[in-house]
There are 2 protein chains.
Amino acid sequence: MPDRIAPARLCGFITLALQRLGLPPADAAIVAGLMTEAEAQGSDGHGAIRLAPYARRIREGGYNLRPDIRVIQERPAMALLDGDNGFGHLVMHKAAQLAIDKARTCGVGWVGARLSNHAGPASLYARMPLAHDMVGLYFAVGNANHLPPWGGLDMLLSTNPVAVAVPAGEEPPVVLDMATTVAAYGKVKAKAQRGEQMPVGWMIDRLGQPLTDPKRADEGFLMPIGGYKGYGLALVVGLLAGTLNGAAMGREVLDFNKDFRSTTNTGQAILAIDPAAIGDVAAFKTRVDTVIREMRGSERMPGVDRIWLPGEQSHLRRQQSEREGLALPPALLAQLDTVARELDIPTLQSA
Amino acid sequence: MPDRIAPARLCGFITLALQRLGLPPADAAIVAGLMTEAEAQGSDGHGAIRLAPYARRIREGGYNLRPDIRVIQERPAMALLDGDNGFGHLVMHKAAQLAIDKARTCGVGWVGARLSNHAGPASLYARMPLAHDMVGLYFAVGNANHLPPWGGLDMLLSTNPVAVAVPAGEEPPVVLDMATTVAAYGKVKAKAQRGEQMPVGWMIDRLGQPLTDPKRADEGFLMPIGGYKGYGLALVVGLLAGTLNGAAMGREVLDFNKDFRSTTNTGQAILAIDPAAIGDVAAFKTRVDTVIREMRGSERMPGVDRIWLPGEQSHLRRQQSEREGLALPPALLAQLDTVARELDIPTLQSA
């Protein structure tokens, strides 16, 4: 069991690595902070594990390290950002701040982005309005296509995620962060590594039959949630986050795990809603508490210990990470050590 | 096979019926127009079949027939409507117009409602911004709870629907209208009537086991799409459409098929997004056309004749209804005849 690592230490390590890779210090700190937050809340597929592929993309020229992230069109409650091919974290961090500002004056604020990049877990950005007692919604086009339209065979859609964050009073906020497929691709890979079969419903093969052998994952597709409903959801999220902003969608989406050089033209959008615009915020948050407690207090099925609210497990995980530090798996630590060696910086555990 | 009925004739019949029931003529015409539109697009669970239960609710005093539907709080891009317990169609018709006006000046407009009522299919309202080349999103709290929180047994959530409508150029618009459960309750009832079994995945029993006998539907629950994901989606839609507006959510939601007298305090919300705020609208609609054609043009699974876009079947159905008239099932015609007799107005087919 490796030592647990304080989030601040991981953040410092990633900041230094990104600086060595050429990011300006302030930008490196923002990206590292959000990657650490992803790790701390248990979004491990979007946390420190991304440092090595980000580094590779930087080296291969896939990023603009001095982006001019700017508003190119604007109305009082809406804006379009050009991310200038910078880190997605920087683009969406700016987008969220702008959406919050607009919501404060207009009630709601919608900010979309083109020429952005992978920005980590959707919940990071949906949660940003929470600090201002606002509701946040986030939509993104994923960075690799994993599903065909319903009944089709061509992989034209990503698992385009949606996240919604709603502030509560005494309770943790409700934070839903969901891809539009039953299982994430990372879960399929994990099953393959452990030599386990997948449950029926995760994937189908090219004949539409259930695919349960994760080693044959290349022969099939992830199943959208609710079948054609999940296909429809992935499509409209892509239209809102990609097509509306002039960002990549459908065949234009490139697989960022295979191509580290081309501009991804990733599209994302964020909506901030200010409950203060239409009522008393404290009363709203109390009503949210009531709903949360009703759900949690429901009679349970046999064998169910606890009813969880969306985002509650991540909330507990964040608290645990702060209290006890992060338990990074050995394979990830080894990967980070490799990055450290390549960049000639102290390793995470020696730093 | 009964004669097909022109949509305008159905609309006239419903208008007259609602007037006889006490609605002002202008309000009766709006509600009838939207109910007819629901019927014409194939949303048959929300069309003419609702006239009888609406009539019963009017007679039992459940509606305010002279509502003062008004903005009670407002910012430039946001408003809260008090529906004053009027017909939901009237409340959301007004909400959509206001959201469109706000989007025209601010880029986006969000309008929520409290003290509204059942308003028919979600797509009706998400589609309203389309006529202004805008995107529409609609969220609603359903009027009866049909699912428990994930792992629970208490029915605390409705199949809270989401609808998203995106304008296209030469293609029909993309219109997604989905409940957050795998199957609608109406489909379960239809299976029971036909004496058929349900597929695994539609419902579970109180032990969490698949329930396939539709005659035992009362012993179980509708399955949310993607399991816990659909639960999360139903919850956040309810928070956005209900709790945010001070409308009913959770235990406060009453079953409008059982209680025809109490105020439902239904909550809904609509978001209009103006693509003109951030770019050229024609170029956007051309990009949407491209995405639509990519999906439709995908290689297909064996046995799949055609790949559908969300809303495409409803679009064709609307065209067919205009061209050939509506084919109302005999049971529905009989129900409408009963309403006509009770109100002493000409029956639909004799009118």
# chains A, B, ... in the order shown; residues from 1 in each chain; ligands from 1

$ residues_around --residues "range 175-187 of chain A" --least-positions-apart "4" --cutoff "7 Å" --atoms "only C-alpha atoms" --output "number ranges by chain"
A: 122-123, 159-166, 191, 202, 222-225, 230, 233-234, 310-311; B: 226, 229, 232

$ residues_around --residues "Pro329 in chain B" --least-positions-apart "4" --cutoff "12 Å" --atoms "only C-alpha atoms" --output "list in words"
Met1, Pro2, Asp3, Arg4, Ile5, Glu39, Asp44, Ala48, Ile49, Leu333, Ala334, Gln335 and Leu336 of chain B

$ write_last_selection --atoms "C-alpha atoms" --output "PDB file, in the first residue's frame"
ATOM      1  CA  MET B   1     -61.934   1.567 -39.695  1.00  0.00           C
ATOM      2  CA  PRO B   2     -63.427   4.906 -38.667  1.00  0.00           C
ATOM      3  CA  ASP B   3     -63.218   7.920 -40.950  1.00  0.00           C
ATOM      4  CA  ARG B   4     -60.144  10.026 -40.634  1.00  0.00           C
ATOM      5  CA  ILE B   5     -60.763  13.357 -38.989  1.00  0.00           C
ATOM      6  CA  GLU B  39     -52.581  14.205 -31.374  1.00  0.00           C
ATOM      7  CA  ASP B  44     -51.554  10.059 -28.335  1.00  0.00           C
ATOM      8  CA  ALA B  48     -57.554  14.094 -27.310  1.00  0.00           C
ATOM      9  CA  ILE B  49     -57.481  11.281 -24.751  1.00  0.00           C
ATOM     10  CA  LEU B 333     -64.015   8.293 -30.330  1.00  0.00           C
ATOM     11  CA  ALA B 334     -66.482   6.705 -27.918  1.00  0.00           C
ATOM     12  CA  GLN B 335     -64.907   8.636 -25.043  1.00  0.00           C
ATOM     13  CA  LEU B 336     -65.210  11.905 -26.985  1.00  0.00           C
TER      14      LEU B 336
END

$ closest_residue --among "A:Asp259, A:Glu170, A:Glu322, A:Glu252" --to "Ala283 in chain A" --atoms "only C-alpha atoms"
A:Glu170

$ atom_distance --atom1 "CA of Ala276 in chain B" --atom2 "CA of Val71 in chain B"
26.1 Å

$ closest_atom_pairs --of "chain A" --to "chain B" --cutoff "6 Å" --atoms "only C-alpha atoms" --output "JSON lines"
{"residue": "A:Gln73", "atom": "CA", "partner": "B:Ile278", "partner_atom": "CA", "distance": 5.0}
{"residue": "A:Arg75", "atom": "CA", "partner": "B:Cys106", "partner_atom": "CA", "distance": 5.4}
{"residue": "A:Pro76", "atom": "CA", "partner": "B:Cys106", "partner_atom": "CA", "distance": 4.8}
{"residue": "A:Ala77", "atom": "CA", "partner": "B:Cys106", "partner_atom": "CA", "distance": 5.0}
{"residue": "A:Met78", "atom": "CA", "partner": "B:Gly107", "partner_atom": "CA", "distance": 5.1}
{"residue": "A:Leu80", "atom": "CA", "partner": "B:Ile278", "partner_atom": "CA", "distance": 5.8}
{"residue": "A:Cys106", "atom": "CA", "partner": "B:Pro76", "partner_atom": "CA", "distance": 4.8}
{"residue": "A:Gly107", "atom": "CA", "partner": "B:Met78", "partner_atom": "CA", "distance": 5.1}
{"residue": "A:Pro149", "atom": "CA", "partner": "B:Met295", "partner_atom": "CA", "distance": 5.9}
{"residue": "A:Gly151", "atom": "CA", "partner": "B:Met301", "partner_atom": "CA", "distance": 5.7}
{"residue": "A:Gly152", "atom": "CA", "partner": "B:Arg300", "partner_atom": "CA", "distance": 4.1}
{"residue": "A:Leu153", "atom": "CA", "partner": "B:Glu299", "partner_atom": "CA", "distance": 5.3}
{"residue": "A:Asp154", "atom": "CA", "partner": "B:Ser298", "partner_atom": "CA", "distance": 5.4}
{"residue": "A:Val182", "atom": "CA", "partner": "B:Gly226", "partner_atom": "CA", "distance": 5.3}
{"residue": "A:Leu207", "atom": "CA", "partner": "B:Met301", "partner_atom": "CA", "distance": 5.8}
{"residue": "A:Ile225", "atom": "CA", "partner": "B:Gly226", "partner_atom": "CA", "distance": 4.6}
{"residue": "A:Gly226", "atom": "CA", "partner": "B:Ile225", "partner_atom": "CA", "distance": 4.6}
{"residue": "A:Gly232", "atom": "CA", "partner": "B:Pro310", "partner_atom": "CA", "distance": 5.9}
{"residue": "A:Ile278", "atom": "CA", "partner": "B:Gln73", "partner_atom": "CA", "distance": 5.0}
{"residue": "A:Met295", "atom": "CA", "partner": "B:Pro149", "partner_atom": "CA", "distance": 5.9}
{"residue": "A:Ser298", "atom": "CA", "partner": "B:Asp154", "partner_atom": "CA", "distance": 5.4}
{"residue": "A:Glu299", "atom": "CA", "partner": "B:Leu153", "partner_atom": "CA", "distance": 5.3}
{"residue": "A:Arg300", "atom": "CA", "partner": "B:Gly152", "partner_atom": "CA", "distance": 4.1}
{"residue": "A:Met301", "atom": "CA", "partner": "B:Gly152", "partner_atom": "CA", "distance": 5.5}
{"residue": "A:Pro310", "atom": "CA", "partner": "B:Gly232", "partner_atom": "CA", "distance": 5.9}

$ write_last_selection --atoms "N, CA and C atoms" --output "PDB file, in the first residue's frame"
ATOM      1  N   GLN A  73     -18.249  36.434 -29.641  1.00  0.00           N
ATOM      2  CA  GLN A  73     -19.567  37.030 -29.848  1.00  0.00           C
ATOM      3  C   GLN A  73     -20.262  37.039 -28.494  1.00  0.00           C
ATOM      4  N   ARG A  75     -23.865  38.487 -26.072  1.00  0.00           N
ATOM      5  CA  ARG A  75     -25.085  39.216 -25.720  1.00  0.00           C
ATOM      6  C   ARG A  75     -25.127  39.246 -24.196  1.00  0.00           C
ATOM      7  N   PRO A  76     -26.100  39.967 -23.612  1.00  0.00           N
ATOM      8  CA  PRO A  76     -26.053  40.107 -22.146  1.00  0.00           C
ATOM      9  C   PRO A  76     -26.003  38.777 -21.387  1.00  0.00           C
ATOM     10  N   ALA A  77     -26.708  37.746 -21.882  1.00  0.00           N
ATOM     11  CA  ALA A  77     -26.760  36.481 -21.129  1.00  0.00           C
ATOM     12  C   ALA A  77     -26.102  35.327 -21.885  1.00  0.00           C
ATOM     13  N   MET A  78     -25.337  35.630 -22.926  1.00  0.00           N
ATOM     14  CA  MET A  78     -24.760  34.548 -23.730  1.00  0.00           C
ATOM     15  C   MET A  78     -23.429  34.994 -24.309  1.00  0.00           C
ATOM     16  N   LEU A  80     -19.879  33.331 -26.792  1.00  0.00           N
ATOM     17  CA  LEU A  80     -19.115  32.255 -27.425  1.00  0.00           C
ATOM     18  C   LEU A  80     -17.645  32.564 -27.225  1.00  0.00           C
ATOM     19  N   CYS A 106     -28.316  38.862 -15.286  1.00  0.00           N
ATOM     20  CA  CYS A 106     -29.452  38.534 -16.164  1.00  0.00           C
ATOM     21  C   CYS A 106     -30.349  37.422 -15.622  1.00  0.00           C
ATOM     22  N   GLY A 107     -29.903  36.720 -14.576  1.00  0.00           N
ATOM     23  CA  GLY A 107     -30.680  35.587 -14.067  1.00  0.00           C
ATOM     24  C   GLY A 107     -30.075  34.279 -14.530  1.00  0.00           C
ATOM     25  N   PRO A 149     -25.244   5.893 -34.230  1.00  0.00           N
ATOM     26  CA  PRO A 149     -26.659   6.215 -34.043  1.00  0.00           C
ATOM     27  C   PRO A 149     -27.436   4.917 -33.849  1.00  0.00           C
ATOM     28  N   GLY A 151     -29.282   1.719 -34.204  1.00  0.00           N
ATOM     29  CA  GLY A 151     -29.505   0.897 -35.387  1.00  0.00           C
ATOM     30  C   GLY A 151     -28.363   0.962 -36.374  1.00  0.00           C
ATOM     31  N   GLY A 152     -27.380   1.814 -36.114  1.00  0.00           N
ATOM     32  CA  GLY A 152     -26.269   1.995 -37.047  1.00  0.00           C
ATOM     33  C   GLY A 152     -24.995   1.296 -36.607  1.00  0.00           C
ATOM     34  N   LEU A 153     -23.992   1.357 -37.481  1.00  0.00           N
ATOM     35  CA  LEU A 153     -22.714   0.701 -37.212  1.00  0.00           C
ATOM     36  C   LEU A 153     -21.540   1.682 -37.207  1.00  0.00           C
ATOM     37  N   ASP A 154     -21.722   2.878 -37.749  1.00  0.00           N
ATOM     38  CA  ASP A 154     -20.612   3.844 -37.800  1.00  0.00           C
ATOM     39  C   ASP A 154     -20.524   4.604 -36.482  1.00  0.00           C
ATOM     40  N   VAL A 182     -24.473   3.322 -20.876  1.00  0.00           N
ATOM     41  CA  VAL A 182     -24.701   2.554 -19.650  1.00  0.00           C
ATOM     42  C   VAL A 182     -23.404   2.437 -18.856  1.00  0.00           C
ATOM     43  N   LEU A 207     -24.260  -7.069 -34.694  1.00  0.00           N
ATOM     44  CA  LEU A 207     -25.575  -7.609 -35.046  1.00  0.00           C
ATOM     45  C   LEU A 207     -26.637  -7.140 -34.044  1.00  0.00           C
ATOM     46  N   ILE A 225     -27.776   4.714 -22.742  1.00  0.00           N
ATOM     47  CA  ILE A 225     -28.789   4.482 -21.702  1.00  0.00           C
ATOM     48  C   ILE A 225     -30.177   4.578 -22.318  1.00  0.00           C
ATOM     49  N   GLY A 226     -31.032   3.619 -21.945  1.00  0.00           N
ATOM     50  CA  GLY A 226     -32.392   3.622 -22.479  1.00  0.00           C
ATOM     51  C   GLY A 226     -32.438   3.415 -23.984  1.00  0.00           C
ATOM     52  N   GLY A 232     -30.381   9.629 -28.563  1.00  0.00           N
ATOM     53  CA  GLY A 232     -30.938  10.971 -28.751  1.00  0.00           C
ATOM     54  C   GLY A 232     -30.284  11.987 -27.826  1.00  0.00           C
ATOM     55  N   ILE A 278     -35.236  34.747  -8.972  1.00  0.00           N
ATOM     56  CA  ILE A 278     -36.681  34.468  -8.938  1.00  0.00           C
ATOM     57  C   ILE A 278     -37.194  34.120  -7.545  1.00  0.00           C
ATOM     58  N   MET A 295     -35.535  11.549  -0.435  1.00  0.00           N
ATOM     59  CA  MET A 295     -34.941  10.458  -1.216  1.00  0.00           C
ATOM     60  C   MET A 295     -34.157   9.520  -0.298  1.00  0.00           C
ATOM     61  N   SER A 298     -36.203   7.179   1.975  1.00  0.00           N
ATOM     62  CA  SER A 298     -37.121   6.193   1.394  1.00  0.00           C
ATOM     63  C   SER A 298     -36.891   4.809   1.999  1.00  0.00           C
ATOM     64  N   GLU A 299     -37.984   4.048   2.141  1.00  0.00           N
ATOM     65  CA  GLU A 299     -37.830   2.632   2.475  1.00  0.00           C
ATOM     66  C   GLU A 299     -36.935   1.997   1.417  1.00  0.00           C
ATOM     67  N   ARG A 300     -36.088   1.036   1.814  1.00  0.00           N
ATOM     68  CA  ARG A 300     -35.091   0.499   0.887  1.00  0.00           C
ATOM     69  C   ARG A 300     -35.395  -0.940   0.480  1.00  0.00           C
ATOM     70  N   MET A 301     -34.897  -1.303  -0.698  1.00  0.00           N
ATOM     71  CA  MET A 301     -34.964  -2.703  -1.122  1.00  0.00           C
ATOM     72  C   MET A 301     -34.102  -3.552  -0.194  1.00  0.00           C
ATOM     73  N   PRO A 310     -27.165  11.852  -6.155  1.00  0.00           N
ATOM     74  CA  PRO A 310     -26.103  12.104  -7.137  1.00  0.00           C
ATOM     75  C   PRO A 310     -25.074  13.090  -6.570  1.00  0.00           C
TER      76      PRO A 310
END

$ select_by_dssp --residues "range 134-329 of chain A" --states "strand (DSSP E)" --output "count of residues only"
32

$ select_by_dssp --residues "range 43-240 of chain B" --states "alpha helix (DSSP H)" --output "PyMOL selection string"
chain B and resi 51-59+88-106+122-126+185-194+228-240

$ atom_distance --atom1 "CA of Ile30 in chain B" --atom2 "CA of Met92 in chain B"
10.9 Å

$ residues_around --residues "Gly267 in chain A" --least-positions-apart "6" --cutoff "8 Å" --atoms "only C-alpha atoms" --output "mmCIF file with C-alpha atoms, in the first residue's frame"
data_model
loop_
_atom_site.group_PDB
_atom_site.id
_atom_site.type_symbol
_atom_site.label_atom_id
_atom_site.label_comp_id
_atom_site.auth_asym_id
_atom_site.auth_seq_id
_atom_site.Cartn_x
_atom_site.Cartn_y
_atom_site.Cartn_z
ATOM 1 C CA GLY A 112 -20.198 28.012 -25.185
ATOM 2 C CA ALA A 113 -16.708 27.338 -26.501
ATOM 3 C CA ARG A 114 -15.112 26.226 -29.723
ATOM 4 C CA LEU A 115 -11.460 25.305 -30.227
ATOM 5 C CA SER A 116 -11.312 24.033 -26.681
ATOM 6 C CA ASN A 117 -9.854 20.691 -25.525
ATOM 7 C CA ALA A 140 -19.568 18.575 -23.657
ATOM 8 C CA VAL A 141 -18.629 16.704 -26.782
ATOM 9 C CA ALA A 241 -22.010 21.767 -27.004
ATOM 10 C CA GLY A 242 -20.458 21.228 -30.416
ATOM 11 C CA THR A 243 -22.527 22.203 -33.456
ATOM 12 C CA ASN A 245 -20.505 26.648 -31.168
ATOM 13 C CA GLY A 246 -18.949 25.646 -34.479
ATOM 14 C CA ALA A 247 -16.953 22.954 -32.692
ATOM 15 C CA ALA A 248 -16.384 19.355 -33.823
#

$ atom_distance --atom1 "CA of Gln319 in chain A" --atom2 "CA of Cys11 in chain A"
16.3 Å

$ closest_residue --among "B:Thr15, B:Ala331, B:Pro210, B:Gln268" --to "Tyr138 in chain B" --atoms "only C-alpha atoms"
B:Gln268

$ residues_around --residues "Gly47 in chain A" --least-positions-apart "3" --cutoff "8 Å" --atoms "only C-alpha atoms" --output "JSON, numbers by chain"
{"A": [35, 36, 37, 38, 39, 43, 44, 50, 51, 120]}
